[in-house]
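Content type mmCIF, N, CA and C atoms, from the file run_36.cif:
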data_model
loop_
_atom_site.label_atom_id
_atom_site.label_comp_id
_atom_site.auth_asym_id
_atom_site.auth_seq_id
_atom_site.Cartn_x
_atom_site.Cartn_y
_atom_site.Cartn_z
N MET A 20 25.16 4.24 9.41
CA MET A 20 24.01 4.46 8.55
C MET A 20 23.19 5.61 9.12
N ALA A 21 22.81 6.53 8.27
CA ALA A 21 22.02 7.68 8.70
C ALA A 21 20.53 7.43 8.47
N TRP A 22 19.73 8.12 9.24
CA TRP A 22 18.27 8.02 9.11
C TRP A 22 17.84 8.63 7.78
N ASN A 23 16.92 7.98 7.10
CA ASN A 23 16.36 8.50 5.86
C ASN A 23 14.84 8.31 5.94
N SER A 24 14.11 9.41 5.85
CA SER A 24 12.64 9.32 5.97
C SER A 24 11.98 8.87 4.68
N TYR A 25 12.73 8.87 3.59
CA TYR A 25 12.21 8.48 2.27
C TYR A 25 10.97 9.27 1.86
N GLY A 26 10.76 10.42 2.48
CA GLY A 26 9.64 11.27 2.10
C GLY A 26 8.28 10.66 2.38
N LEU A 27 8.20 9.80 3.40
CA LEU A 27 6.94 9.11 3.68
C LEU A 27 5.79 10.08 3.92
N ASP A 28 6.04 11.14 4.67
CA ASP A 28 4.97 12.08 4.99
C ASP A 28 4.48 12.79 3.72
N ARG A 29 5.39 13.19 2.89
CA ARG A 29 5.03 13.86 1.63
C ARG A 29 4.27 12.91 0.71
N GLU A 30 4.73 11.68 0.61
CA GLU A 30 4.05 10.69 -0.23
C GLU A 30 2.65 10.40 0.31
N ALA A 31 2.52 10.33 1.63
CA ALA A 31 1.21 10.08 2.24
C ALA A 31 0.26 11.23 1.94
N GLN A 32 0.75 12.44 2.02
CA GLN A 32 -0.10 13.59 1.71
C GLN A 32 -0.61 13.52 0.28
N LYS A 33 0.28 13.19 -0.65
CA LYS A 33 -0.13 13.06 -2.06
C LYS A 33 -1.21 11.99 -2.22
N LEU A 34 -1.04 10.86 -1.53
CA LEU A 34 -2.00 9.77 -1.64
C LEU A 34 -3.37 10.17 -1.07
N VAL A 35 -3.38 10.86 0.04
CA VAL A 35 -4.64 11.29 0.64
C VAL A 35 -5.34 12.30 -0.27
N LEU A 36 -4.58 13.21 -0.85
CA LEU A 36 -5.19 14.16 -1.78
C LEU A 36 -5.74 13.44 -3.01
N LEU A 37 -5.04 12.42 -3.48
CA LEU A 37 -5.54 11.61 -4.59
C LEU A 37 -6.86 10.95 -4.20
N ALA A 38 -6.92 10.39 -3.00
CA ALA A 38 -8.14 9.72 -2.54
C ALA A 38 -9.31 10.69 -2.52
N ARG A 39 -9.07 11.92 -2.16
CA ARG A 39 -10.16 12.90 -2.15
C ARG A 39 -10.67 13.18 -3.54
N THR A 40 -9.79 13.12 -4.54
CA THR A 40 -10.24 13.36 -5.92
C THR A 40 -11.00 12.17 -6.47
N LEU A 41 -10.72 10.97 -5.97
CA LEU A 41 -11.40 9.77 -6.45
C LEU A 41 -12.82 9.71 -5.93
N ASP A 42 -12.96 9.89 -4.63
CA ASP A 42 -14.26 9.79 -3.96
C ASP A 42 -13.95 9.99 -2.48
N GLU A 43 -14.59 10.95 -1.85
CA GLU A 43 -14.26 11.26 -0.46
C GLU A 43 -14.45 10.08 0.48
N SER A 44 -15.37 9.18 0.16
CA SER A 44 -15.56 8.00 1.02
C SER A 44 -14.36 7.07 0.95
N THR A 45 -13.54 7.24 -0.07
CA THR A 45 -12.33 6.44 -0.22
C THR A 45 -11.36 6.67 0.94
N LEU A 46 -11.41 7.85 1.52
CA LEU A 46 -10.51 8.15 2.64
C LEU A 46 -10.68 7.19 3.81
N ASN A 47 -11.86 6.63 3.97
CA ASN A 47 -12.06 5.66 5.05
C ASN A 47 -11.18 4.43 4.90
N GLN A 48 -10.71 4.17 3.69
CA GLN A 48 -9.83 3.03 3.46
C GLN A 48 -8.49 3.18 4.18
N THR A 49 -8.11 4.41 4.46
CA THR A 49 -6.83 4.66 5.13
C THR A 49 -6.75 3.89 6.45
N TYR A 50 -7.80 3.91 7.21
CA TYR A 50 -7.81 3.22 8.51
C TYR A 50 -7.76 1.71 8.31
N LYS A 51 -8.43 1.23 7.27
CA LYS A 51 -8.39 -0.20 6.96
C LYS A 51 -6.99 -0.61 6.53
N MET A 52 -6.32 0.27 5.78
CA MET A 52 -4.94 -0.02 5.37
C MET A 52 -4.07 -0.23 6.61
N ARG A 53 -4.21 0.68 7.56
CA ARG A 53 -3.36 0.61 8.76
C ARG A 53 -3.59 -0.70 9.52
N THR A 54 -4.83 -1.15 9.59
CA THR A 54 -5.10 -2.38 10.34
C THR A 54 -4.73 -3.63 9.56
N THR A 55 -4.67 -3.55 8.24
CA THR A 55 -4.36 -4.71 7.41
C THR A 55 -2.88 -5.09 7.46
N ILE A 56 -2.03 -4.16 7.82
CA ILE A 56 -0.58 -4.41 7.85
C ILE A 56 -0.22 -5.63 8.68
N SER A 57 -0.91 -5.81 9.78
CA SER A 57 -0.55 -6.91 10.68
C SER A 57 -0.76 -8.28 10.04
N TYR A 58 -1.49 -8.34 8.95
CA TYR A 58 -1.72 -9.61 8.26
C TYR A 58 -0.65 -9.92 7.21
N GLY A 59 0.25 -8.98 6.94
CA GLY A 59 1.37 -9.23 6.04
C GLY A 59 1.25 -8.54 4.70
N LEU A 60 2.34 -8.59 3.97
CA LEU A 60 2.43 -7.89 2.68
C LEU A 60 1.44 -8.43 1.65
N GLU A 61 1.29 -9.76 1.59
CA GLU A 61 0.42 -10.34 0.57
C GLU A 61 -1.02 -9.89 0.76
N ARG A 62 -1.48 -9.87 1.98
CA ARG A 62 -2.86 -9.45 2.22
C ARG A 62 -3.05 -7.97 1.96
N PHE A 63 -2.05 -7.16 2.34
CA PHE A 63 -2.14 -5.73 2.05
C PHE A 63 -2.21 -5.52 0.54
N TRP A 64 -1.29 -6.16 -0.18
CA TRP A 64 -1.26 -6.04 -1.64
C TRP A 64 -2.58 -6.51 -2.25
N GLY A 65 -3.12 -7.61 -1.80
CA GLY A 65 -4.29 -8.22 -2.41
C GLY A 65 -5.59 -7.48 -2.20
N GLU A 66 -5.61 -6.54 -1.27
CA GLU A 66 -6.87 -5.84 -0.98
C GLU A 66 -7.38 -5.06 -2.18
N HIS A 67 -6.50 -4.53 -3.00
CA HIS A 67 -6.96 -3.78 -4.18
C HIS A 67 -7.72 -4.70 -5.14
N LEU A 68 -7.39 -5.98 -5.14
CA LEU A 68 -8.09 -6.93 -6.01
C LEU A 68 -9.52 -7.17 -5.53
N ARG A 69 -9.68 -7.26 -4.22
CA ARG A 69 -11.01 -7.50 -3.65
C ARG A 69 -11.97 -6.38 -4.04
N LEU A 70 -11.44 -5.17 -4.13
CA LEU A 70 -12.27 -4.00 -4.39
C LEU A 70 -12.36 -3.64 -5.88
N GLN A 71 -11.58 -4.31 -6.71
CA GLN A 71 -11.41 -3.91 -8.10
C GLN A 71 -12.72 -3.72 -8.86
N LYS A 72 -13.63 -4.65 -8.78
CA LYS A 72 -14.88 -4.56 -9.54
C LYS A 72 -15.98 -3.85 -8.77
N ARG A 73 -16.05 -4.10 -7.48
CA ARG A 73 -17.15 -3.60 -6.67
C ARG A 73 -17.00 -2.12 -6.33
N GLU A 74 -15.75 -1.71 -5.99
CA GLU A 74 -15.50 -0.33 -5.59
C GLU A 74 -14.19 0.15 -6.22
N PRO A 75 -14.22 0.48 -7.50
CA PRO A 75 -12.98 0.79 -8.23
C PRO A 75 -12.19 1.98 -7.68
N ALA A 76 -12.85 2.99 -7.15
CA ALA A 76 -12.11 4.13 -6.61
C ALA A 76 -11.28 3.70 -5.40
N LYS A 77 -11.87 2.89 -4.55
CA LYS A 77 -11.14 2.39 -3.38
C LYS A 77 -10.01 1.47 -3.81
N SER A 78 -10.25 0.67 -4.83
CA SER A 78 -9.21 -0.21 -5.36
C SER A 78 -8.04 0.62 -5.89
N ARG A 79 -8.33 1.70 -6.59
CA ARG A 79 -7.25 2.56 -7.11
C ARG A 79 -6.44 3.19 -5.98
N TYR A 80 -7.10 3.55 -4.89
CA TYR A 80 -6.40 4.12 -3.74
C TYR A 80 -5.45 3.09 -3.12
N TRP A 81 -5.92 1.87 -2.92
CA TRP A 81 -5.07 0.80 -2.39
C TRP A 81 -3.90 0.54 -3.33
N LYS A 82 -4.18 0.48 -4.63
CA LYS A 82 -3.11 0.18 -5.60
C LYS A 82 -2.11 1.32 -5.66
N ALA A 83 -2.58 2.55 -5.62
CA ALA A 83 -1.67 3.70 -5.63
C ALA A 83 -0.78 3.68 -4.39
N THR A 84 -1.36 3.29 -3.26
CA THR A 84 -0.57 3.19 -2.03
C THR A 84 0.48 2.10 -2.15
N TRP A 85 0.09 0.94 -2.70
CA TRP A 85 1.06 -0.14 -2.91
C TRP A 85 2.16 0.31 -3.87
N ASP A 86 1.80 0.95 -4.96
CA ASP A 86 2.80 1.40 -5.94
C ASP A 86 3.79 2.38 -5.30
N THR A 87 3.28 3.30 -4.50
CA THR A 87 4.14 4.26 -3.80
C THR A 87 5.07 3.53 -2.82
N PHE A 88 4.51 2.59 -2.09
CA PHE A 88 5.28 1.80 -1.14
C PHE A 88 6.40 1.03 -1.84
N VAL A 89 6.10 0.41 -2.96
CA VAL A 89 7.11 -0.34 -3.73
C VAL A 89 8.23 0.59 -4.18
N ARG A 90 7.86 1.78 -4.64
CA ARG A 90 8.86 2.76 -5.08
C ARG A 90 9.75 3.20 -3.91
N ILE A 91 9.15 3.42 -2.75
CA ILE A 91 9.91 3.82 -1.56
C ILE A 91 10.86 2.71 -1.13
N MET A 92 10.37 1.48 -1.13
CA MET A 92 11.21 0.36 -0.72
C MET A 92 12.39 0.17 -1.68
N ALA A 93 12.18 0.43 -2.95
CA ALA A 93 13.28 0.32 -3.91
C ALA A 93 14.40 1.30 -3.55
N LEU A 94 14.04 2.48 -3.05
CA LEU A 94 15.05 3.45 -2.61
C LEU A 94 15.90 2.91 -1.47
N SER A 95 15.30 2.03 -0.67
CA SER A 95 16.02 1.45 0.47
C SER A 95 16.84 0.23 0.07
N GLY A 96 16.68 -0.20 -1.18
CA GLY A 96 17.39 -1.39 -1.65
C GLY A 96 16.59 -2.67 -1.56
N ILE A 97 15.34 -2.59 -1.14
CA ILE A 97 14.47 -3.76 -1.09
C ILE A 97 13.49 -3.67 -2.25
N ASN A 98 13.63 -4.59 -3.18
CA ASN A 98 12.79 -4.58 -4.37
C ASN A 98 11.61 -5.54 -4.18
N LEU A 99 10.43 -4.96 -4.07
CA LEU A 99 9.22 -5.75 -3.91
C LEU A 99 8.58 -6.01 -5.26
N PRO A 100 7.97 -7.15 -5.44
CA PRO A 100 7.28 -7.42 -6.71
C PRO A 100 6.06 -6.53 -6.86
N ASN A 101 5.74 -6.21 -8.09
CA ASN A 101 4.59 -5.36 -8.36
C ASN A 101 4.04 -5.67 -9.75
N ASP A 102 3.76 -6.93 -9.97
CA ASP A 102 3.26 -7.37 -11.27
C ASP A 102 1.85 -6.85 -11.50
N PRO A 103 1.53 -6.47 -12.74
CA PRO A 103 0.14 -6.09 -13.03
C PRO A 103 -0.75 -7.33 -12.95
N VAL A 104 -1.83 -7.23 -12.18
CA VAL A 104 -2.71 -8.37 -11.94
C VAL A 104 -4.16 -7.90 -11.99
N ARG A 105 -4.99 -8.70 -12.62
CA ARG A 105 -6.44 -8.46 -12.63
C ARG A 105 -7.10 -9.54 -11.78
N VAL A 106 -8.20 -9.20 -11.17
CA VAL A 106 -8.88 -10.11 -10.26
C VAL A 106 -9.32 -11.40 -10.95
N GLU A 107 -9.55 -11.36 -12.26
CA GLU A 107 -9.99 -12.55 -12.99
C GLU A 107 -8.86 -13.54 -13.25
N ASP A 108 -7.62 -13.08 -13.14
CA ASP A 108 -6.46 -13.88 -13.50
C ASP A 108 -5.88 -14.58 -12.27
N VAL A 109 -6.44 -15.73 -11.94
CA VAL A 109 -6.06 -16.45 -10.73
C VAL A 109 -4.58 -16.84 -10.76
N GLN A 110 -4.09 -17.23 -11.91
CA GLN A 110 -2.69 -17.67 -12.01
C GLN A 110 -1.72 -16.52 -11.69
N SER A 111 -2.00 -15.33 -12.20
CA SER A 111 -1.10 -14.21 -11.91
C SER A 111 -1.21 -13.77 -10.45
N ILE A 112 -2.38 -13.92 -9.86
CA ILE A 112 -2.54 -13.62 -8.43
C ILE A 112 -1.67 -14.58 -7.62
N GLN A 113 -1.74 -15.85 -7.96
CA GLN A 113 -0.94 -16.85 -7.24
C GLN A 113 0.55 -16.59 -7.41
N LEU A 114 0.97 -16.24 -8.61
CA LEU A 114 2.38 -15.96 -8.87
C LEU A 114 2.86 -14.76 -8.06
N MET A 115 2.07 -13.71 -8.05
CA MET A 115 2.43 -12.51 -7.28
C MET A 115 2.48 -12.84 -5.79
N SER A 116 1.52 -13.59 -5.31
CA SER A 116 1.51 -13.99 -3.89
C SER A 116 2.76 -14.78 -3.55
N GLU A 117 3.14 -15.72 -4.41
CA GLU A 117 4.35 -16.52 -4.18
C GLU A 117 5.58 -15.63 -4.08
N LYS A 118 5.66 -14.65 -4.96
CA LYS A 118 6.81 -13.73 -4.93
C LYS A 118 6.87 -12.99 -3.60
N LEU A 119 5.71 -12.56 -3.11
CA LEU A 119 5.69 -11.85 -1.84
C LEU A 119 6.08 -12.76 -0.68
N TRP A 120 5.63 -14.01 -0.72
CA TRP A 120 5.95 -14.94 0.35
C TRP A 120 7.41 -15.37 0.33
N GLN A 121 8.09 -15.20 -0.79
CA GLN A 121 9.49 -15.60 -0.90
C GLN A 121 10.46 -14.51 -0.45
N ILE A 122 9.96 -13.35 -0.11
CA ILE A 122 10.83 -12.27 0.37
C ILE A 122 11.44 -12.72 1.71
N SER A 123 12.72 -12.44 1.88
CA SER A 123 13.39 -12.86 3.12
C SER A 123 12.69 -12.27 4.34
N LEU A 124 12.78 -12.96 5.44
CA LEU A 124 12.12 -12.54 6.67
C LEU A 124 12.60 -11.15 7.10
N VAL A 125 13.89 -10.91 6.98
CA VAL A 125 14.43 -9.60 7.37
C VAL A 125 13.84 -8.50 6.49
N ASP A 126 13.82 -8.73 5.18
CA ASP A 126 13.25 -7.73 4.27
C ASP A 126 11.75 -7.54 4.52
N GLN A 127 11.05 -8.62 4.85
CA GLN A 127 9.63 -8.49 5.19
C GLN A 127 9.44 -7.61 6.42
N GLN A 128 10.27 -7.83 7.43
CA GLN A 128 10.15 -7.05 8.65
C GLN A 128 10.43 -5.57 8.41
N VAL A 129 11.46 -5.30 7.61
CA VAL A 129 11.77 -3.91 7.28
C VAL A 129 10.62 -3.30 6.48
N ALA A 130 10.14 -4.04 5.48
CA ALA A 130 9.06 -3.53 4.64
C ALA A 130 7.79 -3.26 5.46
N LEU A 131 7.45 -4.16 6.35
CA LEU A 131 6.26 -3.96 7.18
C LEU A 131 6.42 -2.76 8.11
N SER A 132 7.63 -2.53 8.59
CA SER A 132 7.88 -1.35 9.43
C SER A 132 7.69 -0.07 8.63
N VAL A 133 8.21 -0.04 7.42
CA VAL A 133 8.05 1.13 6.57
C VAL A 133 6.59 1.31 6.18
N LEU A 134 5.91 0.23 5.84
CA LEU A 134 4.50 0.31 5.49
C LEU A 134 3.67 0.82 6.66
N THR A 135 4.00 0.39 7.85
CA THR A 135 3.31 0.88 9.05
C THR A 135 3.46 2.39 9.18
N GLN A 136 4.68 2.86 9.00
CA GLN A 136 4.93 4.30 9.11
C GLN A 136 4.21 5.07 8.00
N LEU A 137 4.24 4.53 6.78
CA LEU A 137 3.54 5.18 5.68
C LEU A 137 2.04 5.28 6.00
N CYS A 138 1.46 4.20 6.49
CA CYS A 138 0.03 4.21 6.82
C CYS A 138 -0.27 5.12 8.00
N ASP A 139 0.64 5.22 8.96
CA ASP A 139 0.45 6.17 10.05
C ASP A 139 0.41 7.60 9.50
N CYS A 140 1.27 7.88 8.53
CA CYS A 140 1.25 9.19 7.88
C CYS A 140 -0.06 9.40 7.11
N LEU A 141 -0.54 8.35 6.45
CA LEU A 141 -1.82 8.44 5.74
C LEU A 141 -2.95 8.77 6.71
N VAL A 142 -2.95 8.12 7.85
CA VAL A 142 -3.99 8.39 8.85
C VAL A 142 -3.92 9.85 9.30
N TRP A 143 -2.73 10.33 9.55
CA TRP A 143 -2.57 11.72 10.00
C TRP A 143 -3.13 12.69 8.97
N TRP A 144 -2.74 12.51 7.70
CA TRP A 144 -3.24 13.41 6.65
C TRP A 144 -4.74 13.25 6.43
N THR A 145 -5.23 12.03 6.54
CA THR A 145 -6.67 11.81 6.40
C THR A 145 -7.44 12.58 7.46
N GLN A 146 -6.93 12.58 8.68
CA GLN A 146 -7.61 13.31 9.76
C GLN A 146 -7.62 14.81 9.48
N ARG A 147 -6.65 15.31 8.76
CA ARG A 147 -6.59 16.74 8.45
C ARG A 147 -7.45 17.11 7.25
N TYR A 148 -7.55 16.21 6.27
CA TYR A 148 -8.21 16.55 5.01
C TYR A 148 -9.59 15.97 4.85
N LYS A 149 -10.02 15.14 5.77
CA LYS A 149 -11.34 14.52 5.64
C LYS A 149 -12.42 15.59 5.85
N PRO A 150 -13.34 15.70 4.91
CA PRO A 150 -14.38 16.74 5.06
C PRO A 150 -15.34 16.45 6.21
#

Translate this structure into structure tokens?
Amino acid sequence: MAWNSYGLDREAQKLVLLARTLDESTLNQTYKMRTTISYGLERFWGEHLRLQKREPAKSRYWKATWDTFVRIMALSGINLPNDPVRVEDVQSIQLMSEKLWQISLVDQQVALSVLTQLCDCLVWWTQRYKP
């Protein structure tokens, strides 16, 4: 098996540039993303819901990062759930959480490793583009 970067650095650059167009303070979320990884996929995914009503620009940045991550993982053969969910819909939140918790341990470990690298790339680009 050969190494494949899956364009993580390029995708991270796009996400950071998106964050700058949303609201420059959104870039601070990059560091929070990196620290949230250790709590698992469900908590990383759910953060966009916490911010959905109170700070929509930050919520969009988290969701865009999750969407990009899901797309990258699909290239590796690991299909992560990505159901559309609104913060008011408790049942769909629970269903999405269950799907994430049912991912095999091996796939979770691979996904968290890739997410860590993606977030490391986000941090790098944030440090370059932060005003």

Show which residues sit within 6.5 Å of stretch 76-93 of chain A, as JSON, numbers by chain. Count only N, CA and C atoms, and ignore same-chain residues fewer than 2 positions away. {"A": [25, 38, 41, 42, 45, 64, 66, 67, 68, 70, 71, 74, 95, 96, 97, 98, 99]}

Test item: the PyMOL selection byres (((chain A and resi 138 and name CA) around 10) and name CA) resolved as a VMD selection string: chain A and resid 27 to 28 31 49 to 56 84 88 132 to 137 139 to 144

Take the residues from that selection and write them out as a CSV table (one decimal), in the coordinates of the input, keeping N, CA and C atoms.
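Final output, saved to result.csv:
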chain,number,residue,atom,x,y,z
A,27,LEU,N,8.2,9.8,3.4
A,27,LEU,CA,6.9,9.1,3.7
A,27,LEU,C,5.8,10.1,3.9
A,28,ASP,N,6.0,11.1,4.7
A,28,ASP,CA,5.0,12.1,5.0
A,28,ASP,C,4.5,12.8,3.7
A,31,ALA,N,2.5,10.3,1.6
A,31,ALA,CA,1.2,10.1,2.2
A,31,ALA,C,0.3,11.2,1.9
A,49,THR,N,-8.1,4.4,4.5
A,49,THR,CA,-6.8,4.7,5.1
A,49,THR,C,-6.8,3.9,6.4
A,50,TYR,N,-7.8,3.9,7.2
A,50,TYR,CA,-7.8,3.2,8.5
A,50,TYR,C,-7.8,1.7,8.3
A,51,LYS,N,-8.4,1.2,7.3
A,51,LYS,CA,-8.4,-0.2,7.0
A,51,LYS,C,-7.0,-0.6,6.5
A,52,MET,N,-6.3,0.3,5.8
A,52,MET,CA,-4.9,0.0,5.4
A,52,MET,C,-4.1,-0.2,6.6
A,53,ARG,N,-4.2,0.7,7.6
A,53,ARG,CA,-3.4,0.6,8.8
A,53,ARG,C,-3.6,-0.7,9.5
A,54,THR,N,-4.8,-1.2,9.6
A,54,THR,CA,-5.1,-2.4,10.3
A,54,THR,C,-4.7,-3.6,9.6
A,55,THR,N,-4.7,-3.6,8.2
A,55,THR,CA,-4.4,-4.7,7.4
A,55,THR,C,-2.9,-5.1,7.5
A,56,ILE,N,-2.0,-4.2,7.8
A,56,ILE,CA,-0.6,-4.4,7.8
A,56,ILE,C,-0.2,-5.6,8.7
A,84,THR,N,-1.4,3.3,-3.3
A,84,THR,CA,-0.6,3.2,-2.0
A,84,THR,C,0.5,2.1,-2.2
A,88,PHE,N,4.5,2.6,-2.1
A,88,PHE,CA,5.3,1.8,-1.1
A,88,PHE,C,6.4,1.0,-1.8
A,132,SER,N,7.6,-2.5,8.6
A,132,SER,CA,7.9,-1.4,9.4
A,132,SER,C,7.7,-0.1,8.6
A,133,VAL,N,8.2,0.0,7.4
A,133,VAL,CA,8.0,1.1,6.6
A,133,VAL,C,6.6,1.3,6.2
A,134,LEU,N,5.9,0.2,5.8
A,134,LEU,CA,4.5,0.3,5.5
A,134,LEU,C,3.7,0.8,6.7
A,135,THR,N,4.0,0.4,7.8
A,135,THR,CA,3.3,0.9,9.0
A,135,THR,C,3.5,2.4,9.2
A,136,GLN,N,4.7,2.9,9.0
A,136,GLN,CA,4.9,4.3,9.1
A,136,GLN,C,4.2,5.1,8.0
A,137,LEU,N,4.2,4.5,6.8
A,137,LEU,CA,3.5,5.2,5.7
A,137,LEU,C,2.0,5.3,6.0
A,139,ASP,N,0.6,5.2,9.0
A,139,ASP,CA,0.4,6.2,10.0
A,139,ASP,C,0.4,7.6,9.5
A,140,CYS,N,1.3,7.9,8.5
A,140,CYS,CA,1.2,9.2,7.9
A,140,CYS,C,-0.1,9.4,7.1
A,141,LEU,N,-0.5,8.4,6.4
A,141,LEU,CA,-1.8,8.4,5.7
A,141,LEU,C,-3.0,8.8,6.7
A,142,VAL,N,-3.0,8.1,7.8
A,142,VAL,CA,-4.0,8.4,8.8
A,142,VAL,C,-3.9,9.8,9.3
A,143,TRP,N,-2.7,10.3,9.6
A,143,TRP,CA,-2.6,11.7,10.0
A,143,TRP,C,-3.1,12.7,9.0
A,144,TRP,N,-2.7,12.5,7.7
A,144,TRP,CA,-3.2,13.4,6.6
A,144,TRP,C,-4.7,13.2,6.4

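For the pair atom C of A:Phe63 and atom CA of A:Lys33, the interatomic distance is 18.9 Å.
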
Between atom C of A:Tyr148 and atom N of A:Gly26, what is the distance, to one decimal in Å? 21.2 Å

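Atom C of A:Pro103 sits 15.1 Å away from atom C of A:Leu119.
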
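Using only C-alpha atoms, the smallest distance between any of A:Leu60, A:Gln146, A:Asn101, A:Val106 and A:Asp126 comes from A:Leu60.
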
DSSP alpha helix (DSSP H) residues within stretch 21-142 of chain A, listed as an MDAnalysis selection string: chainID A and resid 27:41 48:55 60:70 75:95 109:120 124:142

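Considering the residues A:Gln113, A:Ser57, A:Thr145, A:Asn47 and counting only C-alpha atoms, A:Gln127 has its shortest atom-to-atom contact with A:Ser57.
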